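Raw my_file.txt, compact mmCIF, C-alpha atoms:
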```
# COMPACT_ATOMS: atom_id res chain seq x y z
CA MET E 146 -169.29 184.83 87.13
CA SER E 147 -169.68 181.13 86.30
CA GLU E 148 -166.90 178.69 87.11
CA GLU E 149 -166.23 178.14 83.41
CA ALA E 150 -165.96 181.86 82.71
CA ALA E 151 -163.62 182.37 85.66
CA LEU E 152 -161.53 179.52 84.33
CA GLN E 153 -161.24 181.10 80.91
CA ARG E 154 -159.51 184.10 82.36
CA GLU E 155 -156.52 181.85 82.94
CA TYR E 156 -156.74 179.28 80.17
CA TYR E 157 -158.97 177.96 77.42
CA LEU E 158 -160.30 174.49 76.97
CA ARG E 159 -159.97 173.40 73.38
CA LYS E 160 -161.11 170.18 71.83
CA ASP E 161 -158.25 168.05 73.06
CA ARG E 162 -156.00 170.29 75.10
CA VAL E 163 -155.74 173.08 77.59
CA VAL E 164 -154.23 176.26 76.20
CA MET E 165 -153.00 179.22 78.20
CA ALA E 166 -153.68 182.78 77.07
CA ASN E 167 -150.13 182.84 75.63
CA GLU E 168 -150.99 179.75 73.50
CA LYS E 169 -148.84 177.40 75.58
CA THR E 170 -150.42 173.93 75.72
CA LEU E 171 -150.50 172.43 79.20
CA SER E 172 -149.13 168.93 79.77
CA GLU E 173 -151.18 166.26 81.53
CA LYS E 174 -149.14 166.85 84.68
CA GLU E 175 -149.97 170.58 84.63
CA VAL E 176 -153.65 169.82 84.06
CA ILE E 177 -153.58 167.39 87.00
CA LEU E 178 -152.06 170.09 89.19
CA LEU E 179 -155.02 172.31 88.31
CA VAL E 180 -157.39 169.45 89.17
CA LYS E 181 -155.62 169.02 92.50
CA ARG E 182 -156.55 172.64 93.22
CA GLY E 183 -160.18 171.56 92.79
CA ASP E 184 -160.52 172.84 89.22
CA ARG E 185 -163.40 170.89 87.68
CA GLY E 186 -163.00 172.59 84.30
CA ALA E 187 -159.52 171.07 83.99
CA TYR E 188 -160.86 167.71 85.14
CA ARG E 189 -163.28 167.75 82.25
CA LEU E 190 -160.32 167.54 79.92
CA ILE E 191 -158.92 164.53 81.75
CA VAL E 192 -162.34 162.82 81.71
CA GLU E 193 -162.86 163.48 78.02
CA SER E 194 -159.40 162.19 77.17
CA TYR E 195 -159.95 158.86 78.86
CA MET E 196 -163.72 158.29 78.88
CA GLN E 197 -163.82 156.00 75.85
CA ARG E 198 -160.92 153.90 77.05
CA ALA E 199 -162.51 153.65 80.52
CA TYR E 200 -165.88 152.65 79.08
CA TYR E 201 -164.54 149.92 76.82
CA ILE E 202 -162.35 148.45 79.54
CA ALA E 203 -165.34 148.36 81.92
CA LEU E 204 -167.44 146.81 79.14
CA GLY E 205 -164.81 144.10 78.71
CA PHE E 206 -165.03 143.31 82.41
CA VAL E 207 -168.76 143.60 83.16
CA ARG E 208 -170.25 142.77 79.71
CA ASN E 209 -173.18 145.13 80.07
CA ALA E 210 -173.28 148.52 78.35
CA GLN E 211 -175.30 150.39 80.99
CA ASP E 212 -173.23 149.02 83.87
CA ALA E 213 -170.01 149.82 82.00
CA MET E 214 -171.15 153.42 81.49
CA ASP E 215 -172.10 153.79 85.17
CA ILE E 216 -168.92 152.20 86.46
CA SER E 217 -166.64 154.22 84.21
CA GLN E 218 -168.34 157.46 85.35
CA GLU E 219 -168.20 156.35 88.98
CA SER E 220 -164.47 155.73 88.58
CA PHE E 221 -163.92 159.30 87.41
CA ILE E 222 -165.89 160.57 90.41
CA LYS E 223 -163.82 158.43 92.76
CA ALA E 224 -160.61 159.57 91.06
CA PHE E 225 -161.60 163.23 91.49
CA ARG E 226 -162.28 162.69 95.18
CA ARG E 227 -158.91 160.98 95.65
CA ILE E 228 -156.86 163.15 93.32
CA ARG E 229 -154.92 164.71 96.20
CA SER E 230 -153.35 161.35 96.99
CA PHE E 231 -152.25 160.92 93.35
CA ASP E 232 -148.58 161.52 92.59
CA SER E 233 -148.68 163.96 89.68
CA GLU E 234 -145.17 162.93 88.63
CA ARG E 235 -146.73 159.69 87.39
CA PRO E 236 -149.07 159.20 84.43
CA PHE E 237 -152.75 159.46 85.33
CA PHE E 238 -154.18 156.46 83.50
CA PRO E 239 -152.42 153.55 85.32
CA TRP E 240 -153.57 155.04 88.66
CA PHE E 241 -157.09 155.55 87.33
CA TYR E 242 -157.12 152.06 85.83
CA LYS E 243 -156.69 150.50 89.28
CA LEU E 244 -159.75 152.34 90.57
CA LEU E 245 -161.71 151.33 87.48
CA LYS E 246 -160.68 147.69 87.68
CA ASN E 247 -161.50 147.47 91.38
CA LEU E 248 -164.95 148.93 90.77
CA CYS E 249 -165.54 146.44 87.96
CA LEU E 250 -164.47 143.52 90.16
CA ASP E 251 -166.60 144.78 93.06
CA HIS E 252 -169.54 145.00 90.67
CA LEU E 253 -169.00 141.45 89.37
CA LYS E 254 -168.74 140.15 92.90
CA ARG E 255 -171.93 141.91 93.94
CA ARG E 256 -173.71 140.65 90.86
CA SER E 257 -172.68 137.04 91.46
CA ARG E 258 -173.82 137.36 95.09
CA ILE E 259 -177.23 138.68 94.08
CA GLN E 260 -177.88 136.43 91.10
CA GLU E 261 -177.59 132.70 91.42
CA VAL E 262 -178.52 132.31 87.78
CA PRO E 263 -176.07 134.07 85.44
CA LEU E 264 -177.40 137.33 84.07
CA GLU E 265 -178.43 137.31 80.46
CA GLU E 266 -175.77 139.69 79.30
CA ASP E 267 -175.91 142.31 76.63
CA ARG E 268 -174.67 141.48 73.20
CA VAL E 269 -171.61 143.63 73.50
CA LEU E 270 -169.95 142.60 70.25
CA LYS E 271 -170.61 144.44 67.04
CA ASP E 272 -173.05 142.54 64.84
CA GLU E 273 -170.85 141.40 62.00
CA HIS E 274 -171.65 138.27 60.11
CA GLU E 275 -168.13 137.12 59.35
CA ASP E 276 -166.98 134.44 61.82
CA ARG E 277 -169.87 135.45 64.03
CA GLU E 278 -170.32 132.15 65.83
CA MET E 279 -166.61 131.79 66.41
CA LYS E 280 -166.47 135.30 67.84
CA GLU E 281 -169.29 134.44 70.22
CA VAL E 282 -167.43 131.31 71.32
CA LEU E 283 -164.29 133.37 71.87
CA TRP E 284 -166.17 136.03 73.80
CA LYS E 285 -167.64 133.40 76.11
CA GLY E 286 -164.14 132.05 76.54
CA ILE E 287 -162.79 135.50 77.47
CA GLU E 288 -165.51 135.80 80.12
CA ARG E 289 -164.33 132.57 81.69
CA LEU E 290 -160.65 133.52 81.88
CA PRO E 291 -159.14 134.35 85.26
CA VAL E 292 -159.10 138.11 85.92
CA GLU E 293 -155.38 138.63 85.27
CA GLN E 294 -155.66 136.87 81.88
CA ARG E 295 -158.92 138.58 80.96
CA GLU E 296 -157.49 142.01 81.64
CA VAL E 297 -154.47 141.52 79.38
CA ILE E 298 -156.74 140.26 76.59
CA ILE E 299 -159.02 143.31 76.99
CA LEU E 300 -156.09 145.73 76.97
CA ARG E 301 -154.32 144.00 74.10
CA TYR E 302 -157.21 143.37 71.71
CA PHE E 303 -159.83 145.97 72.62
CA GLN E 304 -157.43 148.79 73.48
CA GLN E 305 -154.61 147.78 71.12
CA LEU E 306 -151.98 148.41 73.79
CA SER E 307 -148.43 147.11 73.39
CA TYR E 308 -146.95 144.73 75.97
CA GLN E 309 -144.99 147.63 77.47
CA GLU E 310 -148.13 149.77 77.74
CA ILE E 311 -150.07 146.89 79.33
CA ALA E 312 -147.25 146.49 81.86
CA GLU E 313 -147.41 150.21 82.67
CA VAL E 314 -151.19 150.29 83.00
CA THR E 315 -151.46 147.14 85.13
CA GLY E 316 -148.26 147.79 87.09
CA LYS E 317 -147.01 144.28 86.31
CA PRO E 318 -143.60 143.25 84.96
CA ILE E 319 -143.54 142.78 81.20
CA GLY E 320 -142.64 139.09 81.66
CA THR E 321 -145.83 138.55 83.66
CA VAL E 322 -147.86 140.29 80.96
CA MET E 323 -146.26 138.08 78.32
CA SER E 324 -146.97 134.87 80.22
CA SER E 325 -150.57 135.89 81.09
CA LEU E 326 -151.17 136.58 77.40
CA TYR E 327 -149.56 133.29 76.44
CA TYR E 328 -151.81 131.25 78.75
CA ALA E 329 -154.92 133.25 77.85
CA LYS E 330 -154.31 132.75 74.13
CA LYS E 331 -153.58 129.08 74.69
CA ARG E 332 -156.97 128.58 76.36
CA LEU E 333 -158.80 130.61 73.74
CA LYS E 334 -157.09 128.76 70.90
CA GLU E 335 -158.24 125.48 72.42
CA MET E 336 -161.79 126.80 72.29
CA ILE E 337 -161.44 127.69 68.63
CA LYS E 338 -160.09 124.21 67.94
CA LYS E 339 -163.03 122.59 69.71
CA PHE E 340 -165.44 124.86 67.87
CA LEU E 341 -163.91 124.05 64.49
CA SER E 342 -163.91 120.31 65.15
CA SER E 343 -167.58 120.44 66.23
CA GLU E 344 -168.37 122.27 62.98
CA LYS E 345 -166.97 119.44 60.87
CA MET C 38 -133.14 128.23 73.25
CA ASP C 39 -135.21 125.09 73.75
CA HIS C 40 -138.40 124.08 71.97
CA ASN C 41 -140.80 124.98 74.81
CA LYS C 42 -139.28 128.40 75.32
CA ILE C 43 -139.55 129.13 71.59
CA LYS C 44 -143.17 127.95 71.65
CA GLU C 45 -143.93 130.60 74.26
CA LEU C 46 -142.31 133.23 72.05
CA ILE C 47 -144.58 132.51 69.09
CA SER C 48 -147.33 134.69 70.52
CA PRO C 49 -145.12 137.79 71.09
CA TYR C 50 -143.51 137.08 67.72
CA HIS C 51 -146.92 137.41 66.11
CA ASP C 52 -147.53 140.60 68.07
CA GLY C 53 -144.24 142.09 66.87
CA GLU C 54 -143.02 142.31 70.47
CA LEU C 55 -139.67 140.51 70.18
CA ASN C 56 -136.24 142.01 69.79
CA GLU C 57 -134.09 141.32 66.74
CA GLU C 58 -132.22 138.40 68.29
CA GLU C 59 -135.32 136.63 69.63
CA ARG C 60 -137.09 137.10 66.31
CA LYS C 61 -134.25 135.41 64.43
CA GLN C 62 -134.24 132.51 66.88
CA VAL C 63 -137.99 132.00 66.43
CA GLU C 64 -137.71 132.18 62.62
CA GLU C 65 -134.86 129.68 62.60
CA HIS C 66 -136.76 127.30 64.85
CA LEU C 67 -139.92 127.61 62.77
CA ARG C 68 -138.04 126.41 59.71
CA GLU C 69 -136.97 123.26 61.54
CA CYS C 70 -139.94 122.38 63.78
CA PRO C 71 -143.29 121.28 62.25
CA GLU C 72 -145.05 121.39 65.63
CA CYS C 73 -144.15 125.04 66.17
CA ARG C 74 -145.07 125.84 62.57
CA LYS C 75 -148.52 124.41 63.28
CA GLU C 76 -148.70 126.48 66.46
CA PHE C 77 -147.70 129.53 64.41
CA GLU C 78 -150.47 128.91 61.86
CA GLU C 79 -153.09 128.43 64.58
CA MET C 80 -151.92 131.62 66.21
CA GLY C 81 -152.39 133.36 62.88
CA LYS C 82 -156.02 132.24 62.68
CA PHE C 83 -156.59 133.23 66.29
CA GLU C 84 -155.12 136.71 65.76
CA GLU C 85 -157.22 137.13 62.63
CA VAL C 86 -160.48 136.44 64.47
CA MET C 87 -159.47 138.50 67.49
CA SER C 88 -158.52 141.47 65.35
CA LYS C 89 -162.02 141.46 63.85
CA MET C 90 -163.76 141.32 67.23
CA GLN C 91 -165.03 144.75 68.12
CA LEU C 92 -167.12 145.95 71.00
CA LYS C 93 -170.37 147.75 70.25
CA GLU C 94 -170.18 151.52 70.38
CA PRO C 95 -172.67 153.37 72.56
CA PRO C 96 -174.84 156.04 70.89
CA LYS C 97 -172.84 159.18 70.03
CA GLU C 98 -174.92 161.23 72.50
CA ALA C 99 -173.44 159.13 75.32
CA TRP C 100 -170.03 160.76 74.72
CA LYS C 101 -171.55 164.21 74.42
CA MET C 102 -173.37 163.76 77.71
CA TYR C 103 -170.54 161.97 79.47
CA TRP C 104 -168.88 164.93 81.19
CA SER C 105 -172.17 166.49 82.27
CA SER C 106 -173.20 163.15 83.81
CA VAL C 107 -169.93 162.93 85.75
CA TYR C 108 -170.23 166.60 86.77
CA ASN C 109 -173.85 166.22 87.91
CA ARG C 110 -173.07 163.10 89.89
CA LEU C 111 -170.13 164.84 91.55
CA GLU C 112 -172.34 167.77 92.48
CA ARG C 113 -175.21 165.53 93.63
CA ARG C 114 -172.85 163.61 95.90
CA ILE C 115 -171.84 166.83 97.66
CA GLY C 116 -175.56 167.59 98.05
CA TRP C 117 -176.18 164.16 99.57
CA ILE C 118 -173.31 164.52 102.02
CA LEU C 119 -174.63 167.90 103.25
CA PHE C 120 -178.17 166.53 103.40
CA SER C 121 -177.03 163.47 105.39
CA ILE C 122 -175.02 165.53 107.88
CA GLY C 123 -178.01 167.84 108.45
CA THR C 124 -180.42 164.92 108.82
CA ILE C 125 -178.18 163.14 111.35
CA ILE C 126 -177.86 166.31 113.46
CA LEU C 127 -181.63 166.88 113.34
CA LEU C 128 -182.38 163.26 114.22
CA PHE C 129 -180.03 163.30 117.19
CA PHE C 130 -181.29 166.66 118.39
CA GLY C 131 -184.95 165.65 117.87
CA GLY C 132 -184.36 162.29 119.58
CA TYR C 133 -182.68 163.96 122.52
CA LYS C 134 -185.53 166.45 122.92
CA LEU C 135 -188.12 163.67 122.56
CA VAL C 136 -186.50 161.55 125.27
CA GLU C 137 -186.04 164.60 127.51
CA GLY C 138 -189.72 165.62 127.10
CA LEU C 139 -190.91 162.06 127.60
CA ILE C 140 -189.01 161.59 130.87
CA GLN C 141 -190.17 164.93 132.24
CA ALA C 142 -193.85 164.54 131.21
CA PRO C 143 -195.85 163.89 134.41
CA ASP C 144 -199.11 162.81 132.71
CA ILE C 145 -197.66 159.89 130.64
CA PRO C 146 -197.84 156.48 132.37
CA LEU C 147 -194.48 154.90 133.27
CA LEU C 148 -195.17 151.76 131.24
CA PHE C 149 -195.82 153.87 128.12
CA LYS C 150 -192.60 155.80 128.73
CA ILE C 151 -190.63 152.55 129.03
CA ALA C 152 -192.20 151.21 125.81
CA ILE C 153 -191.31 154.33 123.79
CA LEU C 154 -187.77 154.46 125.20
CA SER C 155 -187.38 150.78 124.39
CA VAL C 156 -188.49 151.35 120.77
CA LEU C 157 -186.07 154.27 120.44
CA GLY C 158 -183.25 152.28 122.02
CA GLY C 159 -183.97 149.40 119.63
CA VAL C 160 -183.84 151.70 116.59
CA VAL C 161 -180.48 153.13 117.72
CA VAL C 162 -179.00 149.64 118.31
CA LEU C 163 -180.24 148.44 114.90
CA LEU C 164 -178.81 151.50 113.16
CA VAL C 165 -175.43 151.17 114.87
CA SER C 166 -175.36 147.46 114.03
CA LEU C 167 -176.21 148.19 110.39
CA VAL C 168 -173.51 150.84 110.07
CA ARG C 169 -170.96 148.58 111.76
CA GLU C 170 -171.83 145.71 109.43
CA GLN C 171 -171.44 147.94 106.38
CA LEU C 172 -168.05 149.15 107.59
CA PHE C 173 -167.00 145.57 108.34
CA VAL C 174 -168.06 144.35 104.89
CA ARG C 175 -166.19 147.24 103.27
CA LYS C 176 -163.04 146.45 105.20
CA ARG C 177 -163.25 142.81 104.13
CA GLU C 178 -164.22 143.53 100.52
CA ARG C 179 -162.22 140.97 98.59
CA TYR C 180 -161.17 143.18 95.72
CA LYS C 181 -161.11 146.51 97.54
CA GLU C 182 -157.36 146.56 97.89
CA VAL C 183 -156.48 144.73 94.68
CA GLU C 184 -153.24 146.23 93.43
CA LYS C 185 -153.62 149.71 94.81
```
Target encoding structure tokens, full file:
Amino acid sequence: MSEEAALQREYYLRKDRVVMANEKTLSEKEVILLVKRGDRGAYRLIVESYMQRAYYIALGFVRNAQDAMDISQESFIKAFRRIRSFDSERPFFPWFYKLLKNLCLDHLKRRSRIQEVPLEEDRVLKDEHEDREMKEVLWKGIERLPVEQREVIILRYFQQLSYQEIAEVTGKPIGTVMSSLYYAKKRLKEMIKKFLSSEK
Amino acid sequence: MDHNKIKELISPYHDGELNEEERKQVEEHLRECPECRKEFEEMGKFEEVMSKMQLKEPPKEAWKMYWSSVYNRLERRIGWILFSIGTIILLFFGGYKLVEGLIQAPDIPLLFKIAILSVLGGVVVLLVSLVREQLFVRKRERYKEVEK
């Protein structure tokens, strides 16, 4: 009997949840407990719940679609291998985010070591004509921000997380999140100002 | 609250992240301070551009294939680990037998024996050095332990 079929004797994987034979939906914590028992079918649900978020965060960091896809998948593999050390009383994503962020930073470090000349990066922004040049200027500015400022900008604007959620995901106090955002926005606003004055 | 403190609150005010009291303080200050009003307007423009910035979506198939890619890579890694363990055992066993046979062979000249043993010894030292360097680099990886 295949692993999937054996799994379905106990529960069913539906589009966005795990359902027991008695129709009870499992919580994330219960799904994680199944994963801790080595259940890859249950892990699929975790991966599919967070894959888009993981990909876009990685894209924000590494600015290359293929690398972002690889790194986000690698993070899920790493998370599966380390899942036993994860405290299932806590939410999964903040723990996973740390693995993902570290892999992104390792990748950037490796890339800067290998390439003296900056890589010609993918155009990762959607091609929309409105304010296009300004968006490009802003995106370049985001790339140049220090990591702690870049990450709050990515989580705030590309994941639409609230300050509280950013604090939970990054494990930083909300005051630190607020000040990182303040300084990041300040720098980016300066860039807009310069851009607008050069346009005149 | 002083001017500079209020200025820092303009950004969370825009994001709707202030409590009732802080919001009132910012609104009151904005009525009185032209500099902060300017800051508020600039923040508005900034938020407008940022809200329109969107990252490119990958092709839809990428999401459909995502889990199978993760699953295959997980499986492949287990395969590699087993393969590596087997290869290491075979290499050590083969190396041991080769050295044993070489030492005991009466018809091979001593100089030739020394040369082969030297090459083998060199390969082992290089391998150990390479592994040690990798482990050292990993331990010193700058971002490895970032906020674990």
Distance-based interface of chain E with chain C, 8 Å, counting only C-alpha atoms, as an MDAnalysis selection string: chainID E and resid 189 192:193 196:197 201 210 218:219 221:222 243:244 247 250:251 269:272 276 279:280 302:303 307:308 323:324 327 334 337
Please provide the set of residues having any atom within 12 Å of Leu179 (chain E), restricted to all atoms listed in the file, with same-chain residues fewer than 3 positions apart removed, written as an NGL selection string. :E and (152 or 155-156 or 163 or 171-176 or 182-191 or 225 or 228-229 or 233)
Just write the chosen residues, C-alpha atoms, as a CSV table (one decimal), in the coordinates of the input.
```csv
chain,number,residue,atom,x,y,z
E,152,LEU,CA,-161.5,179.5,84.3
E,155,GLU,CA,-156.5,181.8,82.9
E,156,TYR,CA,-156.7,179.3,80.2
E,163,VAL,CA,-155.7,173.1,77.6
E,171,LEU,CA,-150.5,172.4,79.2
E,172,SER,CA,-149.1,168.9,79.8
E,173,GLU,CA,-151.2,166.3,81.5
E,174,LYS,CA,-149.1,166.8,84.7
E,175,GLU,CA,-150.0,170.6,84.6
E,176,VAL,CA,-153.6,169.8,84.1
E,182,ARG,CA,-156.6,172.6,93.2
E,183,GLY,CA,-160.2,171.6,92.8
E,184,ASP,CA,-160.5,172.8,89.2
E,185,ARG,CA,-163.4,170.9,87.7
E,186,GLY,CA,-163.0,172.6,84.3
E,187,ALA,CA,-159.5,171.1,84.0
E,188,TYR,CA,-160.9,167.7,85.1
E,189,ARG,CA,-163.3,167.8,82.2
E,190,LEU,CA,-160.3,167.5,79.9
E,191,ILE,CA,-158.9,164.5,81.8
E,225,PHE,CA,-161.6,163.2,91.5
E,228,ILE,CA,-156.9,163.2,93.3
E,229,ARG,CA,-154.9,164.7,96.2
E,233,SER,CA,-148.7,164.0,89.7
```
What does the distance from CA of Gly131 (chain C) to CA of Val156 (chain C) come to in Å, to one decimal?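 Computing the Euclidean distance for CA of Gly131 (chain C) and CA of Val156 (chain C) yields 15.0 Å.
The space separating CA of Lys134 (chain C) from CA of Ser121 (chain C) comes to 19.7 Å.
From CA of Leu157 (chain C) back to CA of Phe130 (chain C), the distance works out to 13.4 Å.
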Using all atoms listed in the file, which protein or nucleic acid residues come within 8 Å of Gly81 (chain C)? Drop anything in the same chain fewer than 4 positions from it, and give the result as a JSON list (two decimals) with C-alpha atoms, in the coordinates of the input.
```json
[["chain", "number", "residue", "atom", "x", "y", "z"],
["C", 51, "HIS", "CA", -146.92, 137.41, 66.11],
["C", 77, "PHE", "CA", -147.70, 129.53, 64.41],
["C", 85, "GLU", "CA", -157.22, 137.13, 62.63]]
```
Quick one: of C:Val165, C:Val63, C:Ile153, C:Val160, who's nearest to Asn41 (chain C), counting all atoms listed in the file?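 Comparing C:Val165, C:Val63, C:Ile153, C:Val160 against Asn41 (chain C), the winner is C:Val63.
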If you take every atom of region 234-240 of chain E that the file lists and fit an axis-aligned box around them with 4 Å extra on each side, what centre and edge lengths come out in Å to one decimal, as AutoDock Vina command-line options?
```
--center_x -149.7 --center_y 158.2 --center_z 86.1 --size_x 17.0 --size_y 17.4 --size_z 13.2
```
